[in-house]
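Below is query.csv, which holds CSV, C-alpha atoms.
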chain,number,residue,atom,x,y,z
D,143,LEU,CA,4.1,1.1,-59.8
D,144,GLU,CA,4.5,-1.7,-62.2
D,145,LYS,CA,8.0,-0.9,-63.3
D,146,ASP,CA,9.7,-0.5,-59.9
D,147,THR,CA,7.6,-2.1,-57.1
D,148,THR,CA,10.4,-2.3,-54.7
D,149,ARG,CA,11.0,1.5,-54.9
D,150,VAL,CA,7.3,2.2,-54.6
D,151,GLU,CA,7.1,0.0,-51.5
D,152,LYS,CA,10.0,1.8,-49.9
D,153,MET,CA,8.4,5.2,-50.7
D,154,ILE,CA,5.1,4.1,-49.1
D,155,GLN,CA,6.9,2.7,-46.1
D,156,ALA,CA,8.7,6.1,-45.7
D,157,VAL,CA,5.4,7.9,-45.8
D,158,ILE,CA,3.9,5.6,-43.2
D,159,ASP,CA,7.0,6.1,-41.0
D,160,ASN,CA,6.8,9.9,-41.3
D,161,LEU,CA,3.1,9.9,-40.5
D,162,ARG,CA,3.6,7.6,-37.5
D,163,SER,CA,6.5,9.8,-36.3
D,164,GLY,CA,4.3,12.9,-36.7
D,165,MET,CA,1.4,11.4,-34.8
D,166,ASP,CA,3.7,10.4,-32.0
D,167,GLU,CA,5.0,14.0,-31.8
D,168,ILE,CA,1.4,15.4,-31.8
D,169,ARG,CA,0.4,12.9,-29.0
D,170,LEU,CA,3.5,14.0,-27.0
D,171,ILE,CA,2.6,17.7,-27.4
D,172,LEU,CA,-1.0,17.2,-26.4
D,173,ARG,CA,-0.1,15.1,-23.4
D,174,ASN,CA,2.2,17.8,-22.2
D,175,GLU,CA,-0.4,20.5,-22.8
D,176,GLN,CA,-3.2,18.6,-21.1
D,177,PRO,CA,-3.5,19.6,-17.4
D,178,LYS,CA,-2.4,17.0,-15.0
D,179,LYS,CA,-5.3,15.0,-13.5
D,180,HIS,CA,-4.1,15.7,-10.0
D,181,LYS,CA,-4.1,19.4,-10.7
D,182,LEU,CA,-7.7,19.2,-11.9
D,183,ALA,CA,-8.7,17.3,-8.8
D,184,ILE,CA,-7.1,19.9,-6.6
D,185,GLN,CA,-8.8,22.6,-8.5
D,186,GLU,CA,-12.2,20.9,-8.0
D,187,LEU,CA,-11.6,20.8,-4.3
D,188,GLN,CA,-10.5,24.4,-4.3
D,189,ASN,CA,-13.7,25.3,-6.1
D,190,LEU,CA,-15.6,23.3,-3.4
D,191,CYS,CA,-13.9,25.4,-0.7
D,192,ARG,CA,-14.8,28.6,-2.6
D,193,ASN,CA,-18.4,27.6,-2.8
D,194,CYS,CA,-18.4,27.1,1.0
D,195,GLU,CA,-16.8,30.6,1.4
D,196,GLU,CA,-19.6,32.1,-0.7
D,197,LYS,CA,-22.1,30.6,1.8
D,198,GLY,CA,-20.2,32.1,4.7
D,199,ILE,CA,-18.4,28.9,5.8
D,200,THR,CA,-14.6,29.0,6.2
D,201,CYS,CA,-13.2,26.0,4.2
D,202,THR,CA,-9.5,25.0,4.1
D,203,LEU,CA,-7.8,22.5,1.9
D,204,GLN,CA,-4.5,21.0,3.2
D,205,MET,CA,-2.2,18.6,1.4
D,206,LYS,CA,0.7,16.7,2.8
D,207,GLY,CA,3.1,14.4,1.2
D,208,GLU,CA,3.4,13.4,-2.4
D,209,ILE,CA,-0.2,14.0,-3.5
D,210,GLU,CA,0.7,13.6,-7.1
D,211,LYS,CA,1.4,9.9,-6.4
D,212,ILE,CA,-2.1,9.2,-5.3
D,213,PRO,CA,-3.7,7.0,-8.0
D,214,GLN,CA,-6.4,8.7,-10.1
D,215,ILE,CA,-9.1,6.3,-9.1
D,216,TYR,CA,-8.5,7.3,-5.4
D,217,LEU,CA,-8.7,11.0,-6.3
D,218,GLU,CA,-12.1,10.4,-7.9
D,219,VAL,CA,-13.4,8.8,-4.7
D,220,ILE,CA,-11.9,11.6,-2.7
D,221,LEU,CA,-13.6,14.2,-4.9
D,222,ASP,CA,-17.0,12.4,-4.8
D,223,ASN,CA,-16.9,11.7,-1.1
D,224,SER,CA,-15.7,15.3,-0.4
D,225,PHE,CA,-18.6,16.8,-2.3
D,226,GLU,CA,-21.0,14.5,-0.3
D,227,ALA,CA,-19.4,15.3,3.1
D,228,VAL,CA,-19.4,19.0,2.5
D,229,SER,CA,-23.0,19.1,1.2
D,230,LYS,CA,-24.0,17.2,4.4
D,231,ALA,CA,-22.0,19.6,6.5
D,232,LEU,CA,-23.7,22.6,4.8
D,233,LYS,CA,-27.1,21.1,5.2
D,234,TYR,CA,-27.0,19.6,8.7
D,235,ALA,CA,-23.9,20.6,10.7
D,236,VAL,CA,-24.6,24.3,11.5
D,237,CYS,CA,-20.9,24.8,11.2
D,238,THR,CA,-18.6,27.7,10.5
D,239,LYS,CA,-15.5,25.8,9.4
D,240,ILE,CA,-14.8,22.8,7.2
D,241,ASN,CA,-11.4,21.4,6.8
D,242,ILE,CA,-10.3,19.0,4.0
D,243,GLU,CA,-7.0,17.3,4.5
D,244,ILE,CA,-5.4,15.0,2.0
D,245,ALA,CA,-2.1,13.2,2.7
D,246,LYS,CA,0.0,10.6,1.0
D,247,TRP,CA,2.2,8.5,3.3
D,248,ASN,CA,4.5,5.5,2.5
D,249,GLN,CA,1.8,2.9,2.0
D,250,PHE,CA,-1.4,4.9,2.4
D,251,ALA,CA,-3.3,7.8,1.0
D,252,GLN,CA,-5.7,9.5,3.4
D,253,CYS,CA,-8.4,12.1,3.3
D,254,ARG,CA,-10.1,13.6,6.4
D,255,ILE,CA,-13.0,16.0,6.1
D,256,SER,CA,-14.1,17.7,9.4
D,257,ASP,CA,-16.4,20.4,10.4
D,258,ASN,CA,-16.9,22.3,13.7
D,259,GLY,CA,-20.7,21.8,13.7
D,260,VAL,CA,-23.1,20.3,16.2
D,261,GLY,CA,-22.2,16.7,15.4
D,262,CYS,CA,-24.8,14.1,16.2
D,263,SER,CA,-25.4,11.4,18.8
D,264,GLU,CA,-26.4,8.8,16.3
D,265,ILE,CA,-25.3,8.5,12.7
D,266,VAL,CA,-28.1,7.5,10.4
D,267,GLU,CA,-26.7,6.2,7.2
D,268,GLY,CA,-28.9,7.2,4.2
D,269,MET,CA,-28.2,7.1,0.5
D,270,GLY,CA,-25.3,9.6,0.7
D,271,PHE,CA,-23.3,7.7,3.3
D,272,ARG,CA,-24.1,4.4,1.7
D,273,GLY,CA,-22.8,5.8,-1.6
D,274,MET,CA,-19.6,6.9,0.1
D,275,ARG,CA,-19.1,3.4,1.6
D,276,GLN,CA,-19.7,1.7,-1.7
D,277,ARG,CA,-17.1,3.9,-3.5
D,278,MET,CA,-14.6,3.1,-0.8
D,279,ARG,CA,-15.4,-0.6,-0.9
D,280,ASN,CA,-14.9,-0.6,-4.7
D,281,VAL,CA,-11.3,0.6,-4.3
D,282,GLY,CA,-10.5,-1.4,-1.2
D,283,GLY,CA,-10.5,1.6,1.1
D,284,ILE,CA,-11.7,2.1,4.7
D,285,LEU,CA,-14.3,4.7,5.6
D,286,GLU,CA,-15.0,5.9,9.1
D,287,PHE,CA,-17.3,8.5,10.6
D,288,GLU,CA,-16.9,10.4,13.9
D,289,SER,CA,-19.5,12.7,15.4
D,290,GLU,CA,-18.5,13.5,19.0
D,291,ILE,CA,-17.2,17.0,18.2
D,292,GLY,CA,-18.5,18.3,14.9
D,293,PHE,CA,-18.5,15.6,12.2
D,294,VAL,CA,-15.5,13.8,10.7
D,295,VAL,CA,-15.2,11.6,7.6
D,296,LYS,CA,-12.0,9.6,7.3
D,297,MET,CA,-11.0,7.8,4.2
D,298,LEU,CA,-7.9,5.5,4.1
D,299,PHE,CA,-6.6,4.0,0.9
D,300,PRO,CA,-3.9,1.3,0.7
D,301,LEU,CA,-1.2,1.9,-1.8
D,302,ARG,CA,0.0,-1.4,-3.2
D,303,GLY,CA,1.9,-0.4,-6.3
D,304,GLU,CA,-1.1,1.6,-7.7
D,305,GLU,CA,0.9,4.8,-7.7
D,306,ASP,CA,1.1,6.9,-10.9
D,307,GLU,CA,-1.8,5.0,-12.6
Would you write out, as structure tokens, the structure that this file holds?
Amino acid sequence: LEKDTTRVEKMIQAVIDNLRSGMDEIRLILRNEQPKKHKLAIQELQNLCRNCEEKGITCTLQMKGEIEKIPQIYLEVILDNSFEAVSKALKYAVCTKINIEIAKWNQFAQCRISDNGVGCSEIVEGMGFRGMRQRMRNVGGILEFESEIGFVVKMLFPLRGEEDE
């Protein structure tokens, strides 16, 4: 150390560079091995449909457009609101079918959850619906309910450069 500090500094820097390079390679491997977040969200929705099927309710999941370009924060809202809407349908709708549609168009992402149940003449917004509205408000989305034939939950998310986040 004392005799050739320049050489020692070069050796230490070479070790640091090798460690940094190795860590970058490990990160890349782990990132490639980690399931894509979009795939996980779709799997959760498929599990939700399977749970409905186990209760004797036909549940379909349809995806249109470039779903993989829907920002992760929107997928989280879609998941949470889908669980809420499906649980309401199972509890109140007396339905035999539930359909979950997710689409990504040019400037919008959309999710529509519908059932063929009894619907209702007046929508009473309790904690569940208020939570859905709050989640949508937090991401700048629009939420609508329809209850003329069955019950429909519509979510619309503007895409303003948030893709691939």
Original post:
Between CA of Lys230 in chain D and CA of Gly270 in chain D, what is the distance, to one decimal in Å?
Top reply: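 CA of Lys230 in chain D sits 8.6 Å away from CA of Gly270 in chain D.
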Subject >> 12 Å contact set for Ile242 in chain D, all atoms listed in the file, chain neighbours under 6 positions out, as a VMD selection string >> reply: chain D and resid 184 187 to 188 190 to 191 194 200 to 206 220 to 221 223 to 225 227 to 228 231 252 to 257 294 to 297
**OP:** Have a look at D:Lys211, D:Arg277, D:Arg302, D:Arg272 and name the one nearest to Ile244 in chain D; count all atoms listed in the file.
**Re:**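 Closest to Ile244 in chain D of all the choices is D:Lys211.
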Original post:
Counting only C-alpha atoms, which of D:Pro213, D:Gly292, D:Gly164, D:Pro300 gets nearest to Cys237 in chain D?
Top reply: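 Checking each candidate against Cys237 in chain D, we get D:Gly292 as the closest.
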**OP:** Find, counting only C-alpha atoms, the residue in D:Thr238, D:Ser229, D:Phe287, D:Ile154 that gets nearest to Val266 in chain D.
**Re:** D:Phe287
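Distance-wise, CA of Ala251 in chain D and CA of His180 in chain D end up 13.6 Å apart.
Compared by their closest atoms to Met274 in chain D, and using all atoms listed in the file, the residues D:Glu210, D:Glu218, D:Glu151, D:Glu243 rank with D:Glu218 nearest.
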**OP:** Choose the residue, out of D:Leu285, D:Leu217, D:Leu301, D:Ile265, that has the smallest atom-to-atom separation from Asn248 in chain D; count all atoms listed in the file.
**Re:**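 With all atoms listed in the file as the atom set, the closest residue is D:Leu301.
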**OP:** Name the residues within 6 Å of (-16.7, 0.2, 3.7), counting only C-alpha atoms in the file's coordinates, and put them as a ChimeraX atom specification.
**Re:** /D:275,278-279,284-285
